[in-house]
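The next block is run.pdb, given as PDB, C-alpha atoms.
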```pdb
ATOM      1  CA  MET B 103     104.707 149.930   4.417  1.00  0.00           C
ATOM      2  CA  SER B 104     107.191 150.269   1.579  1.00  0.00           C
ATOM      3  CA  ARG B 105     109.755 148.301   3.572  1.00  0.00           C
ATOM      4  CA  PHE B 106     107.242 145.498   4.023  1.00  0.00           C
ATOM      5  CA  LEU B 107     106.435 145.389   0.310  1.00  0.00           C
ATOM      6  CA  TYR B 108     110.116 145.388  -0.541  1.00  0.00           C
ATOM      7  CA  LYS B 109     110.777 142.357   1.695  1.00  0.00           C
ATOM      8  CA  PHE B 110     107.678 140.598   0.374  1.00  0.00           C
ATOM      9  CA  PHE B 111     108.656 140.913  -3.281  1.00  0.00           C
ATOM     10  CA  ARG B 112     112.290 140.104  -2.511  1.00  0.00           C
ATOM     11  CA  ASN B 113     111.293 136.866  -0.771  1.00  0.00           C
ATOM     12  CA  PHE B 114     108.827 136.103  -3.542  1.00  0.00           C
ATOM     13  CA  ARG B 115     111.551 136.481  -6.131  1.00  0.00           C
ATOM     14  CA  ARG B 116     113.907 134.159  -4.257  1.00  0.00           C
ATOM     15  CA  ASP B 117     111.260 131.560  -3.463  1.00  0.00           C
ATOM     16  CA  GLN B 118     111.614 128.493  -5.750  1.00  0.00           C
ATOM     17  CA  ASN B 119     108.740 126.425  -4.435  1.00  0.00           C
ATOM     18  CA  GLY B 120     106.679 125.053  -7.323  1.00  0.00           C
ATOM     19  CA  SER B 121     109.227 126.000  -9.968  1.00  0.00           C
ATOM     20  CA  LEU B 122     109.408 122.403 -11.206  1.00  0.00           C
ATOM     21  CA  SER B 123     105.691 122.384 -11.956  1.00  0.00           C
ATOM     22  CA  VAL B 124     105.924 125.655 -13.853  1.00  0.00           C
ATOM     23  CA  GLU B 125     108.845 124.376 -15.919  1.00  0.00           C
ATOM     24  CA  ALA B 126     106.938 121.184 -16.682  1.00  0.00           C
ATOM     25  CA  VAL B 127     103.981 123.206 -17.982  1.00  0.00           C
ATOM     26  CA  PHE B 128     106.271 125.003 -20.430  1.00  0.00           C
ATOM     27  CA  ALA B 129     108.351 121.948 -21.389  1.00  0.00           C
ATOM     28  CA  PHE B 130     105.595 119.363 -21.809  1.00  0.00           C
ATOM     29  CA  PRO B 131     104.171 120.726 -25.112  1.00  0.00           C
ATOM     30  CA  LEU B 132     107.671 120.855 -26.597  1.00  0.00           C
ATOM     31  CA  LEU B 133     108.443 117.298 -25.475  1.00  0.00           C
ATOM     32  CA  LEU B 134     105.110 116.091 -26.841  1.00  0.00           C
ATOM     33  CA  TRP B 135     105.776 117.733 -30.216  1.00  0.00           C
ATOM     34  CA  ALA B 136     109.324 116.307 -30.351  1.00  0.00           C
ATOM     35  CA  ALA B 137     108.071 112.784 -29.606  1.00  0.00           C
ATOM     36  CA  THR B 138     105.277 112.872 -32.198  1.00  0.00           C
ATOM     37  CA  ALA B 139     107.490 114.529 -34.835  1.00  0.00           C
ATOM     38  CA  THR B 140     110.227 111.929 -34.335  1.00  0.00           C
ATOM     39  CA  TYR B 141     107.721 109.099 -34.627  1.00  0.00           C
ATOM     40  CA  THR B 142     106.127 110.646 -37.737  1.00  0.00           C
ATOM     41  CA  PHE B 143     109.428 111.194 -39.574  1.00  0.00           C
ATOM     42  CA  PHE B 144     110.667 107.718 -38.639  1.00  0.00           C
ATOM     43  CA  ASP B 145     107.395 106.191 -39.856  1.00  0.00           C
ATOM     44  CA  ALA B 146     107.692 108.052 -43.179  1.00  0.00           C
ATOM     45  CA  TYR B 147     111.231 106.748 -43.754  1.00  0.00           C
ATOM     46  CA  LYS B 148     110.046 103.280 -42.785  1.00  0.00           C
ATOM     47  CA  ALA B 149     107.229 103.429 -45.355  1.00  0.00           C
ATOM     48  CA  GLN B 150     109.584 104.724 -48.060  1.00  0.00           C
ATOM     49  CA  ASN B 151     112.077 101.964 -47.290  1.00  0.00           C
ATOM     50  CA  ALA B 152     109.318  99.337 -47.461  1.00  0.00           C
ATOM     51  CA  SER B 153     108.217 100.746 -50.822  1.00  0.00           C
ATOM     52  CA  TYR B 154     111.728 100.483 -52.260  1.00  0.00           C
ATOM     53  CA  ARG B 155     112.226  96.981 -50.870  1.00  0.00           C
ATOM     54  CA  ALA B 156     108.996  95.859 -52.498  1.00  0.00           C
ATOM     55  CA  ASN B 157     110.019  97.499 -55.776  1.00  0.00           C
ATOM     56  CA  TYR B 158     113.408  95.748 -55.725  1.00  0.00           C
ATOM     57  CA  THR B 159     111.630  92.449 -55.061  1.00  0.00           C
ATOM     58  CA  ILE B 160     109.323  92.948 -58.051  1.00  0.00           C
ATOM     59  CA  SER B 161     112.245  94.049 -60.236  1.00  0.00           C
ATOM     60  CA  ASP B 162     114.210  90.953 -59.271  1.00  0.00           C
ATOM     61  CA  ILE B 163     111.249  88.716 -60.114  1.00  0.00           C
ATOM     62  CA  LEU B 164     110.880  90.330 -63.536  1.00  0.00           C
ATOM     63  CA  SER B 165     114.609  90.200 -64.265  1.00  0.00           C
ATOM     64  CA  ARG B 166     114.556  86.403 -63.823  1.00  0.00           C
ATOM     65  CA  GLU B 167     111.492  85.890 -66.025  1.00  0.00           C
ATOM     66  CA  THR B 168     112.103  83.970 -69.247  1.00  0.00           C
ATOM     67  CA  GLU B 169     108.476  83.841 -70.406  1.00  0.00           C
ATOM     68  CA  SER B 170     106.335  86.726 -71.630  1.00  0.00           C
ATOM     69  CA  VAL B 171     104.187  88.569 -69.104  1.00  0.00           C
ATOM     70  CA  ASP B 172     100.634  89.921 -69.363  1.00  0.00           C
ATOM     71  CA  SER B 173      98.101  91.963 -67.401  1.00  0.00           C
ATOM     72  CA  ALA B 174      97.288  89.119 -65.029  1.00  0.00           C
ATOM     73  CA  TYR B 175     100.995  88.738 -64.245  1.00  0.00           C
ATOM     74  CA  LEU B 176     101.294  92.434 -63.366  1.00  0.00           C
ATOM     75  CA  GLU B 177      98.160  92.248 -61.211  1.00  0.00           C
ATOM     76  CA  GLY B 178      99.844  89.448 -59.270  1.00  0.00           C
ATOM     77  CA  LEU B 179     102.934  91.611 -58.786  1.00  0.00           C
ATOM     78  CA  LEU B 180     100.699  94.435 -57.581  1.00  0.00           C
ATOM     79  CA  ARG B 181      99.265  92.125 -54.918  1.00  0.00           C
ATOM     80  CA  VAL B 182     102.833  91.299 -53.856  1.00  0.00           C
ATOM     81  CA  PHE B 183     103.576  95.017 -53.566  1.00  0.00           C
ATOM     82  CA  ARG B 184     100.476  95.617 -51.457  1.00  0.00           C
ATOM     83  CA  PHE B 185     101.310  92.696 -49.193  1.00  0.00           C
ATOM     84  CA  MET B 186     104.843  93.969 -48.559  1.00  0.00           C
ATOM     85  CA  THR B 187     103.839  97.599 -47.972  1.00  0.00           C
ATOM     86  CA  TYR B 188     100.361  97.187 -46.412  1.00  0.00           C
ATOM     87  CA  GLY B 189      99.161  99.434 -49.226  1.00  0.00           C
ATOM     88  CA  ASP B 190      95.558 100.303 -49.906  1.00  0.00           C
ATOM     89  CA  ALA B 191      93.972  98.442 -52.809  1.00  0.00           C
ATOM     90  CA  GLY B 192      92.455 101.557 -54.303  1.00  0.00           C
ATOM     91  CA  THR B 193      95.523 103.804 -54.453  1.00  0.00           C
ATOM     92  CA  THR B 194      98.621 101.639 -54.986  1.00  0.00           C
ATOM     93  CA  TRP B 195      99.812 100.949 -58.516  1.00  0.00           C
ATOM     94  CA  ILE B 196     102.786  99.578 -60.405  1.00  0.00           C
ATOM     95  CA  ARG B 197     104.069 100.166 -63.937  1.00  0.00           C
ATOM     96  CA  VAL B 198     106.567  98.083 -65.877  1.00  0.00           C
ATOM     97  CA  SER B 199     108.357  99.408 -68.959  1.00  0.00           C
ATOM     98  CA  VAL B 200     111.116  97.968 -71.119  1.00  0.00           C
ATOM     99  CA  VAL B 201     113.589 100.542 -72.429  1.00  0.00           C
ATOM    100  CA  GLN B 202     115.840  99.855 -75.402  1.00  0.00           C
ATOM    101  CA  CYS B 203     118.769 101.726 -76.918  1.00  0.00           C
ATOM    102  CA  THR B 204     118.412 102.259 -80.657  1.00  0.00           C
ATOM    103  CA  ASP B 205     121.612 104.238 -81.206  1.00  0.00           C
ATOM    104  CA  ASP B 206     124.662 105.411 -79.277  1.00  0.00           C
ATOM    105  CA  CYS B 207     123.745 105.262 -75.573  1.00  0.00           C
ATOM    106  CA  THR B 208     127.163 105.908 -74.071  1.00  0.00           C
ATOM    107  CA  SER B 209     126.580 109.655 -73.761  1.00  0.00           C
ATOM    108  CA  GLU B 210     124.105 110.905 -71.201  1.00  0.00           C
ATOM    109  CA  ASN B 211     123.292 114.079 -73.141  1.00  0.00           C
ATOM    110  CA  ASP B 212     122.926 112.491 -76.585  1.00  0.00           C
ATOM    111  CA  ARG B 213     121.371 109.038 -76.742  1.00  0.00           C
ATOM    112  CA  ASP B 214     118.420 107.477 -78.513  1.00  0.00           C
ATOM    113  CA  LEU B 215     116.068 105.584 -76.207  1.00  0.00           C
ATOM    114  CA  GLU B 216     112.582 104.252 -76.714  1.00  0.00           C
ATOM    115  CA  PHE B 217     110.071 102.089 -74.907  1.00  0.00           C
ATOM    116  CA  SER B 218     109.706  98.571 -76.296  1.00  0.00           C
ATOM    117  CA  TRP B 219     106.517  98.366 -74.271  1.00  0.00           C
ATOM    118  CA  SER B 220     104.989  99.839 -71.151  1.00  0.00           C
ATOM    119  CA  HIS B 221     102.036  98.717 -69.080  1.00  0.00           C
ATOM    120  CA  GLY B 222     100.569  99.689 -65.697  1.00  0.00           C
ATOM    121  CA  ALA B 223      98.338  97.961 -63.164  1.00  0.00           C
ATOM    122  CA  ASN B 224      95.459  99.529 -61.235  1.00  0.00           C
ATOM    123  CA  GLY B 225      94.994 102.492 -63.530  1.00  0.00           C
ATOM    124  CA  ALA B 226      98.597 103.520 -64.156  1.00  0.00           C
ATOM    125  CA  ARG B 227      98.913 104.730 -67.740  1.00  0.00           C
ATOM    126  CA  SER B 228     101.479 103.365 -70.176  1.00  0.00           C
ATOM    127  CA  LEU B 229     104.529 105.507 -70.882  1.00  0.00           C
ATOM    128  CA  THR B 230     105.180 106.988 -74.312  1.00  0.00           C
ATOM    129  CA  ALA B 231     108.090 108.686 -76.064  1.00  0.00           C
ATOM    130  CA  ILE B 232     107.147 112.110 -74.710  1.00  0.00           C
ATOM    131  CA  ASP B 233     107.760 110.846 -71.169  1.00  0.00           C
ATOM    132  CA  PHE B 234     111.503 110.483 -71.808  1.00  0.00           C
ATOM    133  CA  ASP B 235     112.048 114.131 -70.916  1.00  0.00           C
ATOM    134  CA  HIS B 236     111.242 113.115 -67.348  1.00  0.00           C
ATOM    135  CA  TYR B 237     112.613 109.563 -67.294  1.00  0.00           C
ATOM    136  CA  ALA B 238     115.902 109.967 -69.154  1.00  0.00           C
ATOM    137  CA  SER B 239     117.708 110.996 -65.965  1.00  0.00           C
ATOM    138  CA  LYS B 240     116.492 107.837 -64.197  1.00  0.00           C
ATOM    139  CA  ILE B 241     117.836 105.447 -66.853  1.00  0.00           C
ATOM    140  CA  PRO B 242     121.573 104.663 -66.628  1.00  0.00           C
ATOM    141  CA  LEU B 243     123.958 104.411 -69.562  1.00  0.00           C
ATOM    142  CA  PHE B 244     123.939 101.020 -71.293  1.00  0.00           C
ATOM    143  CA  PRO B 245     125.199  99.548 -74.587  1.00  0.00           C
ATOM    144  CA  ILE B 246     123.332  99.765 -77.855  1.00  0.00           C
ATOM    145  CA  GLY B 247     120.985  96.835 -78.431  1.00  0.00           C
ATOM    146  CA  ASP B 248     120.478  96.131 -74.714  1.00  0.00           C
ATOM    147  CA  LYS B 249     117.106  96.425 -72.986  1.00  0.00           C
ATOM    148  CA  LEU B 250     116.426  97.443 -69.401  1.00  0.00           C
ATOM    149  CA  ILE B 251     113.401  96.943 -67.177  1.00  0.00           C
ATOM    150  CA  LEU B 252     112.001 100.054 -65.486  1.00  0.00           C
ATOM    151  CA  VAL B 253     109.682  99.296 -62.561  1.00  0.00           C
ATOM    152  CA  GLU B 254     107.699 102.066 -60.901  1.00  0.00           C
ATOM    153  CA  THR B 255     105.571 101.730 -57.796  1.00  0.00           C
ATOM    154  CA  SER B 256     103.321 104.201 -56.008  1.00  0.00           C
ATOM    155  CA  LEU B 257     102.081 104.065 -52.433  1.00  0.00           C
ATOM    156  CA  ASP B 258      99.849 106.641 -50.745  1.00  0.00           C
ATOM    157  CA  TYR B 259     101.243 107.495 -47.315  1.00  0.00           C
ATOM    158  CA  THR B 260      99.247 109.085 -44.509  1.00  0.00           C
ATOM    159  CA  PRO B 261     101.540 110.034 -41.587  1.00  0.00           C
ATOM    160  CA  PRO B 262     100.354 109.644 -38.007  1.00  0.00           C
ATOM    161  CA  PHE B 263      99.735 112.825 -35.963  1.00  0.00           C
ATOM    162  CA  ALA B 264     100.130 114.896 -39.144  1.00  0.00           C
ATOM    163  CA  ASN B 265      96.966 116.921 -38.648  1.00  0.00           C
ATOM    164  CA  ALA B 266      97.365 117.287 -34.896  1.00  0.00           C
ATOM    165  CA  LEU B 267     100.893 118.444 -34.088  1.00  0.00           C
ATOM    166  CA  VAL B 268     103.255 117.871 -37.020  1.00  0.00           C
ATOM    167  CA  SER B 269     103.149 119.692 -40.355  1.00  0.00           C
ATOM    168  CA  PHE B 270     103.747 116.618 -42.523  1.00  0.00           C
ATOM    169  CA  PRO B 271     101.171 116.296 -45.316  1.00  0.00           C
ATOM    170  CA  GLU B 272      99.992 113.148 -47.030  1.00  0.00           C
ATOM    171  CA  ARG B 273     102.054 112.187 -50.059  1.00  0.00           C
ATOM    172  CA  LYS B 274     102.638 109.590 -52.745  1.00  0.00           C
ATOM    173  CA  LEU B 275     105.771 107.492 -52.271  1.00  0.00           C
ATOM    174  CA  VAL B 276     106.874 106.775 -55.835  1.00  0.00           C
ATOM    175  CA  SER B 277     109.962 104.646 -56.466  1.00  0.00           C
ATOM    176  CA  HIS B 278     111.866 103.852 -59.678  1.00  0.00           C
ATOM    177  CA  VAL B 279     114.133 100.820 -60.089  1.00  0.00           C
ATOM    178  CA  VAL B 280     115.996  99.883 -63.289  1.00  0.00           C
ATOM    179  CA  THR B 281     117.070  96.265 -63.722  1.00  0.00           C
ATOM    180  CA  ARG B 282     118.759  94.294 -66.473  1.00  0.00           C
ATOM    181  CA  PRO B 283     117.281  90.915 -67.542  1.00  0.00           C
ATOM    182  CA  ARG B 284     119.294  88.057 -66.016  1.00  0.00           C
ATOM    183  CA  PHE B 285     118.439  84.933 -68.001  1.00  0.00           C
ATOM    184  CA  GLY B 286     117.174  86.353 -71.278  1.00  0.00           C
ATOM    185  CA  PRO B 287     117.902  89.243 -73.637  1.00  0.00           C
ATOM    186  CA  GLN B 288     114.667  91.042 -72.786  1.00  0.00           C
ATOM    187  CA  LEU B 289     111.377  90.921 -70.919  1.00  0.00           C
ATOM    188  CA  LEU B 290     108.542  90.283 -73.378  1.00  0.00           C
ATOM    189  CA  TRP B 291     104.944  91.475 -73.205  1.00  0.00           C
ATOM    190  CA  ASN B 292     102.097  89.250 -74.314  1.00  0.00           C
ATOM    191  CA  GLY B 293      98.801  91.048 -74.163  1.00  0.00           C
ATOM    192  CA  GLU B 294      96.784  94.104 -75.060  1.00  0.00           C
ATOM    193  CA  GLY B 295      98.524  97.442 -74.507  1.00  0.00           C
ATOM    194  CA  SER B 296      96.707 100.276 -72.791  1.00  0.00           C
ATOM    195  CA  ASN B 297      96.734 102.261 -76.026  1.00  0.00           C
ATOM    196  CA  GLY B 298      94.921  99.452 -77.819  1.00  0.00           C
ATOM    197  CA  SER B 299      97.901  98.129 -79.744  1.00  0.00           C
ATOM    198  CA  VAL B 300      99.012  94.543 -79.372  1.00  0.00           C
ATOM    199  CA  VAL B 301     102.644  94.216 -78.452  1.00  0.00           C
ATOM    200  CA  PRO B 302     104.097  90.972 -79.824  1.00  0.00           C
ATOM    201  CA  ASP B 303     105.523  88.457 -77.382  1.00  0.00           C
ATOM    202  CA  SER B 304     108.505  87.700 -79.579  1.00  0.00           C
ATOM    203  CA  GLU B 305     110.732  89.382 -82.128  1.00  0.00           C
TER
END
```

Please express the file's structure as structure tokens.
Amino acid sequence: MSRFLYKFFRNFRRDQNGSLSVEAVFAFPLLLWAATATYTFFDAYKAQNASYRANYTISDILSRETESVDSAYLEGLLRVFRFMTYGDAGTTWIRVSVVQCTDDCTSENDRDLEFSWSHGANGARSLTAIDFDHYASKIPLFPIGDKLILVETSLDYTPPFANALVSFPERKLVSHVVTRPRFGPQLLWNGEGSNGSVVPDSE
């Protein structure tokens, strides 16, 4: 009896019939996760790239502007951003700020910057002087007297398969682009600021 059991288990151990099906059962979940994770990460980079492309487009439009802009102008740029990124109307926003150097701006650690004006579309608040602690690192060095255009955009991104197989939460894709005016010394604001003060359209 023991000899029979020994031969039975020895043959069972050497038998490879059906091994491909067993391996497929173990490998299929891993392959499914790899495919969905790859697609999710690629889609996130694609959305981020689209957000930056749209921001650069808006920045280029503003850098070529020779007339003053207002709230209606920024709302039009927001529609351009939504069109280029397929963004949702309720969550996407843009903010345009003009930064000027009032003193020596050749040193990154010691320079005097201030906002000439700042205005957002779709609920984005205007920036103030206290925001420079966060934005100073995003603004490059530039000569005294010059003014730069800071364009910010925000796009809510919901990744596919995030809740099913891939741990990739929803997030806001925020981009910052700094541009120098091309055809004029500065970009002027003509309208009511979000803080209630009227920013003049000329100096």

Box for region 172-179 of chain B: with edges along x, y and z, all listed atoms inside and 4 Å added on each side, what are the centre and edge lengths in Å to one decimal, as AutoDock Vina command-line options?
```
--center_x 100.1 --center_y 90.6 --center_z -64.1 --size_x 13.6 --size_y 11.7 --size_z 18.6
```

Fewer than 5 positions away in the same chain doesn't count, so skip those; otherwise give me all residues within 8 Å of Gly247 (chain B), counting only C-alpha atoms, as a PDB file with C-alpha atoms, in the frame of the given file.
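Writing done, so here's part_31.pdb:
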```pdb
ATOM      1  CA  GLN B 202     115.840  99.855 -75.402  1.00  0.00           C
ATOM      2  CA  CYS B 203     118.769 101.726 -76.918  1.00  0.00           C
ATOM      3  CA  THR B 204     118.412 102.259 -80.657  1.00  0.00           C
ATOM      4  CA  ASP B 205     121.612 104.238 -81.206  1.00  0.00           C
TER       5      ASP B 205
END
```

Any chance you could resolve the PyMOL selection byres ((chain B and resi 153-165) around 10) against this file and give the residues as a compact mmCIF listing (two decimals) with C-alpha atoms, in the coordinates of the input?
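Output contents, as saved in expr_34.txt:
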```txt
# COMPACT_ATOMS: atom_id res chain seq x y z
CA TYR B 147 111.23 106.75 -43.75
CA LYS B 148 110.05 103.28 -42.78
CA ALA B 149 107.23 103.43 -45.36
CA GLN B 150 109.58 104.72 -48.06
CA ASN B 151 112.08 101.96 -47.29
CA ALA B 152 109.32 99.34 -47.46
CA ARG B 166 114.56 86.40 -63.82
CA GLU B 167 111.49 85.89 -66.03
CA THR B 168 112.10 83.97 -69.25
CA GLU B 169 108.48 83.84 -70.41
CA SER B 170 106.34 86.73 -71.63
CA VAL B 171 104.19 88.57 -69.10
CA LEU B 176 101.29 92.43 -63.37
CA LEU B 179 102.93 91.61 -58.79
CA LEU B 180 100.70 94.44 -57.58
CA VAL B 182 102.83 91.30 -53.86
CA PHE B 183 103.58 95.02 -53.57
CA ARG B 184 100.48 95.62 -51.46
CA PHE B 185 101.31 92.70 -49.19
CA MET B 186 104.84 93.97 -48.56
CA THR B 187 103.84 97.60 -47.97
CA TYR B 188 100.36 97.19 -46.41
CA GLY B 189 99.16 99.43 -49.23
CA ILE B 196 102.79 99.58 -60.40
CA VAL B 198 106.57 98.08 -65.88
CA LEU B 250 116.43 97.44 -69.40
CA ILE B 251 113.40 96.94 -67.18
CA LEU B 252 112.00 100.05 -65.49
CA VAL B 253 109.68 99.30 -62.56
CA GLU B 254 107.70 102.07 -60.90
CA THR B 255 105.57 101.73 -57.80
CA SER B 256 103.32 104.20 -56.01
CA LEU B 257 102.08 104.06 -52.43
CA LEU B 275 105.77 107.49 -52.27
CA VAL B 276 106.87 106.78 -55.84
CA SER B 277 109.96 104.65 -56.47
CA HIS B 278 111.87 103.85 -59.68
CA VAL B 279 114.13 100.82 -60.09
CA VAL B 280 116.00 99.88 -63.29
CA THR B 281 117.07 96.26 -63.72
CA ARG B 282 118.76 94.29 -66.47
CA PRO B 283 117.28 90.92 -67.54
CA ARG B 284 119.29 88.06 -66.02
CA PHE B 285 118.44 84.93 -68.00
CA GLY B 286 117.17 86.35 -71.28
CA PRO B 287 117.90 89.24 -73.64
CA GLN B 288 114.67 91.04 -72.79
CA LEU B 289 111.38 90.92 -70.92
```

Can you tell me which residues surround Phe217 (chain B) at a distance of at most 8 Å, considering all atoms listed in the file, apart from same-chain residues fewer than 4 positions away, and format the answer as a PDB file with C-alpha atoms, in the frame of the given file?
```pdb
ATOM      1  CA  SER B 199     108.357  99.408 -68.959  1.00  0.00           C
ATOM      2  CA  VAL B 200     111.116  97.968 -71.119  1.00  0.00           C
ATOM      3  CA  VAL B 201     113.589 100.542 -72.429  1.00  0.00           C
ATOM      4  CA  GLN B 202     115.840  99.855 -75.402  1.00  0.00           C
ATOM      5  CA  LEU B 229     104.529 105.507 -70.882  1.00  0.00           C
ATOM      6  CA  THR B 230     105.180 106.988 -74.312  1.00  0.00           C
ATOM      7  CA  ALA B 231     108.090 108.686 -76.064  1.00  0.00           C
TER       8      ALA B 231
END
```

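CA of Gly192 (chain B) is found 20.7 Å from CA of Asp172 (chain B).
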
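For the pair CA of Trp195 (chain B) and CA of Phe244 (chain B), the separation is 27.3 Å.
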
I need the residue set behind the PyMOL selection byres ((chain B and resi 142) around 10) for this file; please write it as a list in words. Ala136, Ala137, Thr138, Ala139, Thr140, Tyr141, Phe143, Phe144, Asp145, Ala146, Tyr147, Lys148, Thr260, Pro261, Pro262, Phe263, Ala264, Val268, Ser269 and Phe270 of chain B

Taken to one decimal, the CA of Gly225 (chain B)-CA of Arg197 (chain B) distance is 9.4 Å
